[in-house]
Every structure is written in structure tokens, then in C-alpha cells.
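Trainee: What follows is a single structure, and I will ask about it in a moment.
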Amino acid sequence: MTEITKHEPHTVYIKPSKGLAALNLRDLWVYRELIFFMVWRDVKVKYKQTLLGMAWAVIQPVMTMLVFTFLFDKVAKLPTEGVPYPVFSFTALLPWGLFVVALNQGSRSLVAHNNMVTKIYFPRLILPMSSVFSGLVDFAIAFVILVILMFYYQVTPAWNLLWTLPLFLLLAIVTALGVALWLSAINVQYRDVNQALPFLTQFWLFATPVAYSATVISEKWQILYSLNPMAGVVNGFRWSLLGIGNGPDITLWVSTGISILIFISGLFYFRSMEKTFADTI
Amino acid sequence: MATAISVKNIGKQYKIGAAESKFRYNMLRDVIVDTVSAPIRLAKAMIGKSDHRMNQNYVWALKDVSFDLEEGKVLGIVGRNGAGKSTLLKILSRVTEPTVGTVSVRGRVGSLLEVGTGFHPELTGRENIYMNGAILGMKRTEIDSKFDEIVDFSEVTQYIDTPVKRYSSGMYLRLAFAVAAHLEPEILVVDEVLAVGDAEFQKKCLGKMGDVAQQGRTVLFVSHNMSAILRLTQEAIVLNKGQMLMRAPTQEAVDFYLSSGQAQAGERIWEAEDIPAASAPFRPISLRIKNRSGKAVDTVRSTESVTVEFEYQLDASVTGLRVGMYLSTIRGEYVFTSFDTDAPNLFEKFDSRNAGRYISRAEIPADVFNEGRYTIGVNASSFGVRRYFMDENAIAFNVDVSGAPGTHWPEPRVGPVRPRLNWSIEKLG
């Protein structure tokens with residue numbers, strides 16, 4: 001307690017931030033451990049005082065898959081390009097689940113932690129980031145279920161999944177984070193976001209080829225359809241894991257471009273709003 | 001000696017309505033209207049017509065404040081509510097950005113108002129120490145090395161692996177404080193006004209602050225408690241309405257602060273800009289101290305009764321309103337608290353008050369005060385619902401004790417009260 005400093009203290013300059021300098025990535029690196037702790041806390045707390053605990057991470061996507069199978073396979077008999085419907089829909093539910101966590105937890109992350117935001121300094125980016133990353137844990141659990149399903153239905157994975165799947169997972173994260181950045185920053189000022197989220201989630205699910213195949217969309221609408229970045233992510237997952245679909249074609253590049261656009265613009269919007277978070281939250 | 005903090009012309013502008021009141025959020029439709037009309041405003045600005053609306057909607061919570069603080073110094077910050085003290089601390093701890101100006105801060109800034117931030121009730125004490133430490137900017141290895149010390153200090157060793165939701169509030173606070181106290185920042189910021197917890201805990205905070213100051217760290221201390229400011233700081237700055245009025249040795253600054261801010265002797269009048277927007281529908285008008293002959297005075301006699309009059313306006317009817325005062329010595333020790341609906345009959349009669357102008361008047365009987373200076377703080381709230389208005393240092397007055405019990409001995413007496421007691425002396429046998 002007696003020694004004051006072990007190292008020369010670092011001088012911080014506080015001034016109104018403007019432009020690109022506001023994108024303070026150095027601080028994000030300094031606070032990297034906080035991201036780890038936030039994710040760890042989210043995971044740890046999520047299933048506390050539940051009877052089924054981590055089993056919920058399995059039950060939720062499996063139940064959705066069963067309902068989809070009944071409705072869209074047994075009743076509506078939608079085409080699945082030769083893949084058993086449970087595997088077909090579950091492959092899409094993986095990235096979709098990640099996206100829903102980002103959309104819901106991520107968008108509320110700043111408001112939910114308003115006592116942190118109004119009391120201490122830390123890079124605010126950490127809050128939406130850690131919400132998205134904590135979704136990866138559920139993703140990993142659901143991935144194990146997918147492997148089991150594929151064995152059960154004897155679906156052979158495509159050979160190139162080893163390098164394409166990580167890329168599509170990255171695309172899913174970038175998309176999810178981009179949307180979370182926009183919505184969480186808007187939510188600080190306009191709680192309308194909270195009201196819109198359930199509706200937005202539902203609407204977005206219909207606009208994404210989770211329950212159905214993207215091939216049911218007619219050729220001339222494909223480009224318009226691919227403006228939904230999640231369409232690219234889901235198609236990519238199916239192509240990578242099951243070897244169906246067209247692979248990297250123009251629609252995928254459009255989706256990817258939109259994802260990156262949302263992410264970069266979200267990053268700048270978030271940073272430009274960050275300085276007023278503590279005042280307006 | 002090196003400069004720890006250098007503040008240059010900083011100012012902070014808030015938008016009234018959105019930032020001031022927690023009950024109102026910006027509506028998207030306002031923004032849509034604003035966005036549509038923005039080009040028109042911009043055009044007006046370009047042709048030199050300033051837009052009055054801009055000036056009206058914003059208020060400077062802090063304006064043109066500059067000072068340097070050397071390493072190892074303890075600086076007190078005094079000022080009324082809304083003077084900008086907390087805003088200044090928030091800027092220094094980087095919670096919010098200044099609108100203009102620059103600050104350079106040498107070293108890590110820690111604050112005792114962060115106590116327990118990020119604590120999660122479901123996590124154990126051990127887990128929360130790591131979590132909270134990370135939030136405060138400590139490295140994991142740093143927390144590892146201080147872990148035992150933190151646990152010892154918090155006195156919750158037995159329960160360290162129990163979720164903190166099972167802790168008593170005292171244990172919870174002790175643990176939270178222990179983490180904050182072991183952050184060992186180069187600069188410590190203490191906002192006693194916002195400090196939570198009981199008197200015991202606040203005493204601990206002040207004690208810790210004293211330790212930190214003795215180790216040669218830089219401390220900024222905000223308090224309404226003048227005796228704490230006098231005891232712990234050598235120098236103080238006085239803020240008023242966002243501006244720095246003076247920086248001086250503490251005694252001088254405190255004297256200046258206490259003697260300023262009153263419209264006239266024995267009366268305090270609230271101007272429209274002194275009243276926070278959040279206090280609506282309650283609007284304080286004036287507070288008077290009157291002697292027995294009904295004159296507003298600055299000095300009262302201990303041997304006479306004193307009348308305290310608080311005049312206010314209600315812009316809407318309020319249910320369960322109670323208006324009252326905190327009387328304390330100039331050293332910040334409370335003498336008593338009293339509310340206008342303390343009496344059961346008034347409590348029932350004024351269950352709800354309609355809009356209108358009111359005076360709540362109290363008579364403090366003779367033979368209460370000892371010699372010295374006292375302050376009255378006022379408060380208007382609905383119990384358990386909302387606090388509308390509060391001003392801890394609304395007015396100050398002196399007490400003259402000539403003729404009071406025991407004044408035939410020319411010596412000061414300790415204690416804030418000097419009651420006339422019914423003594424009797426009995427000779428036994």
C-alpha cells in the first residue's frame with residue numbers, strides 16, 4: 001500500500017472528440033480483459049437459478065427446428081435441395097440464433113448497463129461486443145447438436161467447410177455486431193428500439209431463408225433479396241456445411257458488402273454518439 | 001513537482017429537457033421535425049441570423065473552468081446543488097466529454113462513487129471482485145495479487161463463495177468498497193454528495209481518503225460537509241452556476257462560500273434559473289428566518305423563538321407532499337429534521353395539496369440553539385414516491401446567546417443545543 005506507482009503514469013488528454021480520432025482502438029486493447037469478463041459473466045449468469053440450466057441452449061434451437069419441420073416439411077412440403085429438412089433448417093438456425101442474441105441483448109446492452117455508463121469510463125464498444133460474443137457460447141453448443149443430426153441423417157459435409165465455415169462465422173459476427181452497434185446507440189436516446197425489437201426479430205426471420213430455401217425466390221428478385229445481409233450468412237452456412245446452393249456468387253457479395261457497410265457505419269455512428277451516452281441515457 | 005491535473009477552459013453544455021429530466025426522452029418524431037427544419041436553420045445561420053432556439057434549449061453546466069493541480073495535493077470543491085461539481089468530476093473521470101476545452105490527467109483516475117458498479121447479484125463475492133476490478137480498469141494479475149487484501153478488508157471471508165444476492169446490504173457495500181479502495185489510482189475523486197451507505201460507511205470512505213492523501217496521491221473532494229472539507233483539504237475551489245468563483249486556501253474559500261449566495265440577510269430567494277427542471281411541479285420561492293417581531297434577520301437570539309417560513313408554488317396538485325427542513329451546524333452535523341406534516345392532524349388534512357401558492361411555517365421554540373452559525377436545508381418530497389426538491393444549504397443564520405442559560409460564565413459551551421433545563425438542587429441531610 002505504500003509504494004505509489006510502479007511505472008510512469010500515462011497522461012490522458014480529455015477534449016471534445018471529433019472525426020476519425022474518436023475511433024479509439026488503443027483503449028479497446030487496454031480494456032480487452034473486460035470483454036472477456038463481460039462474456040464470462042453473461043454466460044455464467046444466463047442460466048442461473050434455472051432448473052434446466054445449460055440445457056436451454058439445446059432446447060431452444062431444437063424445439064424451433066421441430067416446429068419448423070412439422071410446419072414447413074410435413075405440412076407445407078417446402079423444397080430443401082435434397083437435404084433432410086431437420087438438418088436443412090438447423091444449419092440456418094445456428095447463425096440465426098447468434099444474430100437474434102446480438103439483436104436483442106446487443107441492442108439493449110448500453111441501456112441495461114446504464115449504471116456503468118453513467119459512473120465510469122471504459123470503451124463503450126465493449127458492451128455490444130461482449131453481448132455478441134456471449135452468443136457464441138450458445139452457438140458452440142448448438143453446433144454440437146448439428147454434428148449429431150448430420151451423423152443421424154448421414155449427411156456428408158462439403159469438403160471445403162474447414163476454411164469456409166470460419167469465414168461465414170466471421171461474416172455472421174460482423175453482421176450481428178454491425179446491427180447491434182446501430183441499435184444499441186439509437187436505443188440510448190430513443191427507447192423506441194425496445195418496442196420495435198420483437199417485431200423486428202420476427203420480420204427479419206421471415207425475410208431470411210431459415211425455414212425455407214432461398215431458391216424459392218424467383219431469379220429476378222435474388223439481388224433485392226440479398227440486400228438482407230443475413231440471407232448471405234444463412235446461404236453461406238448451407239453452402240459451406242451441406243454443399244447446397246450456388247456458393248460465392250453475386251448475391252453473396254452483395255450481402256457481404258451490406259454487412260461490412262452496416263458494420264463500419266455502425267462503428268462510426270456508435271463512436272460519434274458515445275460522447276453523449278452518459279448524458280442522455 | 002509535476003502537474004497531475006491540468007484543466008483548461010472546459011465547458012459542458014447540456015440540452016435541457018432531454019438530459020435534465022429523467023422522465024422525458026427525446027421522441028423520434030421531434031428529431032424528424034428537427035431534421036426537416038435543419039437546412040432552414042443552417043441557411044439562417046449562414047446569412048448571419050442566429051437561431052434563438054439553440055440558445056434557449058441548452059444550458060452550460062460548467063463554463064470556462066481552468067485550474068492546475070500538482071501531484072499529491074488535495075483539492076476541495078464546494079458549491080450549491082447544480083453548481084457543476086459533479087459535472088466536473090464526471091469530465092475528469094472521463095464519464096462524459098467536455099463540450100469545449102481540454103484536460104490533461106496524469107495517471108489513472110479512481111473514484112469512490114463507482115462503488116459496486118457492475119456487481120451482479122448472481123455472482124459470488126469472488127467472481128464479483130474480478131468482474132468489478134476489470135470494470136475499474138485493473139489487470140487480472142493485479143487483482144490476483146491484491147485479492148487476499150481485498151477480502152480481508154471487506155471482512156466477508158466466510159461468504160466469499162456465496163452469491164452476493166445473499167449478502168446483507170452492509171456486507172455488499174463493504175465488499176464493493178474494498179475493491180474500489182484497492183484500485184490505487186494516482187488520482188482519487190470523491191463525491192461525498194453522491195456517496196451511498198450509512199454514516200459508518202461514509203466515515204470509512206473519508207478515512208480511506210485521508211490515507212490516500214497521506215500516501216502522496218492527488219485527491220479531488222466534493223462535499224457539502226464543510227468540516228470534512230476543512231479537515232481534509234488545504235485548498236478549495238468554489239463553483240457557482242458552472243463558473244469557478246475562486247480558488248483559495250480552504251478556510252478562505254469556505255468562508256466565501258458560506259457568506260455568498262444569499263439575496264439579503266435572513267432571506268433566500270430562488271430565481272427561475274436556480275430551480276432544477278426536475279423539481280416540477282414544485283417551485284420554491286423563498287425561505288425566511290424571522291425573529292419574534294416578524295422581521296427577517298441574519299442573527300437570532302437564543303432566548304427568543306425563531307420562525308422559519310418556506311414559501312413555494314405548486315404548479316399541479318401533489319399527493320402526500322411533505323415539506324421540511326434539515327437543521328445543521330456549519331460543520332455539517334445535523335441537529336434535527338422536521339416536516340410540516342409531522343403532526344397527525346396536518347398529515348391527514350394535507351393528504352393532497354392542490355395547485356397554488358403555499359407557506360409552510362415552523363416555530364422553533366426559544367432556548368434551543370447554542371452560540372454559532374447554523375444552516376437550514378429544505379426538502380420537498382412525497383415519502384417513498386419522489387423527491388421534488390432539495391437544497392442542503394438553503395440559508396445560514398447566526399445565533400446570539402446573550403441571556404441564555406449559563407452565560408454569566410464567559411466561556412464557550414460545546415454542543416449545538418443550549419436548552420434551558422429544569423434543574424433543582426437538593427441538599428440531603
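Letters A, B, ... go to the chains of the C-alpha cells in the order shown; residues in each chain start at 1; ligands are counted from 1 in the same order.
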Mind the document's chain letters and residue numbers, and return as a PyMOL selection string the residues of stretch 81-251 of chain A that DSSP labels alpha helix (DSSP H).
Mentor: chain A and resi 85-101+107-112+114-119+126-152+161-189+192-206+222-225+229-242+250-251
Trainee: Dump as a Markdown table the rows for residues of chain B within 8 Å of chain A: closest atom pair and distance in Å with one decimal, only C-alpha atoms counted, ordered by chain and rising residue number.
Mentor:
```
| residue | atom | partner | partner_atom | distance |
| --- | --- | --- | --- | --- |
| B:Tyr14 | CA | A:Asp279 | CA | 7.8 |
| B:Ala18 | CA | A:Thr280 | CA | 6.6 |
| B:Ala19 | CA | A:Thr280 | CA | 5.3 |
| B:Tyr25 | CA | A:Tyr190 | CA | 6.9 |
| B:Asn26 | CA | A:Tyr190 | CA | 6.3 |
| B:Met27 | CA | A:Tyr190 | CA | 6.5 |
| B:Leu28 | CA | A:Tyr190 | CA | 6.6 |
| B:Lys90 | CA | A:Lys119 | CA | 7.7 |
| B:Ile91 | CA | A:Ile14 | CA | 7.9 |
| B:Leu92 | CA | A:Ile14 | CA | 7.8 |
| B:Ser93 | CA | A:Tyr121 | CA | 6.6 |
| B:Arg94 | CA | A:Tyr121 | CA | 5.4 |
| B:Val95 | CA | A:Tyr121 | CA | 4.9 |
| B:Thr96 | CA | A:Ala278 | CA | 5.9 |
| B:Glu97 | CA | A:Lys275 | CA | 5.7 |
| B:Pro98 | CA | A:Pro16 | CA | 5.7 |
| B:Thr99 | CA | A:Pro16 | CA | 5.7 |
| B:Val100 | CA | A:Pro16 | CA | 6.1 |
| B:Gly101 | CA | A:Lys15 | CA | 6.1 |
| B:Thr102 | CA | A:Lys15 | CA | 4.5 |
| B:Val103 | CA | A:Ile14 | CA | 4.8 |
| B:Ser104 | CA | A:Tyr13 | CA | 4.4 |
| B:Val105 | CA | A:Val12 | CA | 5.1 |
| B:Arg106 | CA | A:Thr11 | CA | 4.1 |
| B:Gly107 | CA | A:Pro9 | CA | 4.4 |
| B:Arg108 | CA | A:Pro9 | CA | 7.3 |
| B:Leu113 | CA | A:Lys119 | CA | 7.4 |
| B:Glu114 | CA | A:Lys119 | CA | 6.0 |
| B:Thr117 | CA | A:Met116 | CA | 5.9 |
| B:Gly118 | CA | A:Met116 | CA | 6.4 |
| B:Glu122 | CA | A:Val45 | CA | 6.3 |
| B:Leu123 | CA | A:Val45 | CA | 7.2 |
| B:Tyr130 | CA | A:Phe37 | CA | 7.9 |
| B:Met131 | CA | A:Phe37 | CA | 6.0 |
| B:Ala134 | CA | A:Leu34 | CA | 5.3 |
| B:Ile135 | CA | A:Leu34 | CA | 6.3 |
| B:Leu136 | CA | A:Ile120 | CA | 7.5 |
| B:Gly137 | CA | A:Tyr31 | CA | 6.9 |
| B:Lys139 | CA | A:Glu33 | CA | 7.3 |
| B:Arg140 | CA | A:Glu33 | CA | 7.5 |
| B:Glu184 | CA | A:Ile4 | CA | 7.8 |
| B:Glu186 | CA | A:Ile4 | CA | 7.4 |
| B:Gln215 | CA | A:Thr2 | CA | 6.6 |
| B:Gly216 | CA | A:Ile4 | CA | 7.7 |
| B:Arg217 | CA | A:Ile4 | CA | 7.5 |
```
Trainee: Have a look at atom CA of A:Val58 and atom CA of B:His120 and let me know their distance in Å, one decimal.
Mentor: 25.2 Å
Trainee: Mind giving me the straight-line distance from atom CA of B:Lys85 to atom CA of B:Gln243 in Å, one decimal?
Mentor: 9.9 Å
Trainee: Would you return as number ranges by chain the members of stretch 125-224 of chain B that DSSP assigns to strand (DSSP E) on this structure's backbone?
Mentor: B: 187-191, 218-222
Trainee: How would the residues just picked look written out with C-alpha atoms as a PDB file, in the first residue's frame?
Mentor:
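Final output, result.pdb:
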```
ATOM      1  CA  ILE B 187      -5.737  10.435  -8.720  1.00  0.00           C
ATOM      2  CA  LEU B 188      -8.701   9.811  -6.472  1.00  0.00           C
ATOM      3  CA  VAL B 189     -12.025  11.522  -6.984  1.00  0.00           C
ATOM      4  CA  VAL B 190     -14.511  11.527  -4.115  1.00  0.00           C
ATOM      5  CA  ASP B 191     -18.030  12.830  -4.451  1.00  0.00           C
ATOM      6  CA  THR B 218      -3.762  13.559  -5.698  1.00  0.00           C
ATOM      7  CA  VAL B 219      -7.316  13.850  -4.403  1.00  0.00           C
ATOM      8  CA  LEU B 220     -10.334  15.848  -5.519  1.00  0.00           C
ATOM      9  CA  PHE B 221     -13.018  16.030  -2.888  1.00  0.00           C
ATOM     10  CA  VAL B 222     -16.580  17.249  -3.312  1.00  0.00           C
TER      11      VAL B 222
END
```
Trainee: Hey, what's within 9 Å of B:Ala362 if we count only C-alpha atoms and toss same-chain stuff fewer than 6 positions away? As number ranges by chain, please?
Mentor: B: 306-310, 340
Trainee: Next, dump the selected residues to file, keeping only C-alpha atoms, as a short mmCIF file (atom, residue, chain, number, x, y, z; two decimals), in the first residue's frame.
Mentor:
```
data_model
loop_
_atom_site.label_atom_id
_atom_site.label_comp_id
_atom_site.auth_asym_id
_atom_site.auth_seq_id
_atom_site.Cartn_x
_atom_site.Cartn_y
_atom_site.Cartn_z
CA VAL B 306 -37.48 31.76 15.69
CA THR B 307 -39.89 31.36 12.80
CA VAL B 308 -38.82 29.63 9.62
CA GLU B 309 -41.01 30.35 6.61
CA PHE B 310 -40.77 28.45 3.35
CA ASP B 340 -44.68 20.23 8.00
#
```
Trainee: What gap, in Å, lies between atom CA of B:Gly110 and atom CA of B:Met138?
Mentor: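 Result for atom CA of B:Gly110 versus atom CA of B:Met138: 10.7 Å, one decimal.
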Trainee: Can you work out which one of B:Ser145, B:Asn128, B:Ser352, B:Ser111 has the shortest atom-to-atom distance to B:Val212, counting only C-alpha atoms?
Mentor: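 Nearest to B:Val212: B:Ser111.
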Trainee: So which residues touch A:Ile258 within 7 Å, counting only C-alpha atoms, skipping near sequence neighbours fewer than 4 positions away, as a PyMOL selection string?
Mentor: chain A and resi 227+229+254+262
Trainee: Can you spit out the residues from that selection as a CSV table (one decimal), in the first residue's frame, using N, CA and C atoms?
Mentor:
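Written output follows (result-v2.csv):
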```csv
chain,number,residue,atom,x,y,z
A,227,LEU,N,-30.1,-8.1,-50.3
A,227,LEU,CA,-29.8,-6.9,-49.6
A,227,LEU,C,-29.9,-7.1,-48.1
A,229,PRO,N,-28.5,-8.8,-45.2
A,229,PRO,CA,-27.2,-9.5,-45.0
A,229,PRO,C,-27.3,-10.9,-44.4
A,254,VAL,N,-23.1,-9.2,-52.6
A,254,VAL,CA,-23.9,-8.1,-52.2
A,254,VAL,C,-24.2,-8.1,-50.7
A,262,ILE,N,-22.8,-1.9,-43.0
A,262,ILE,CA,-23.5,-1.8,-41.7
A,262,ILE,C,-22.5,-1.7,-40.5
```
Trainee: Could you give me, as a PyMOL selection string, the residues within 12 Å of A:Trp56, counting only C-alpha atoms and dropping anything in the same chain fewer than 3 positions from it?
Mentor: chain A and resi 46-48+50-53+59-63+138+141-142
Trainee: Taking into account only C-alpha atoms, which residue in the set B:Val164, B:Val414, B:Phe282, B:Ser86 is nearest to B:Phe119?
Mentor: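 Answer, going by the shortest atom-to-atom distance: B:Val164.
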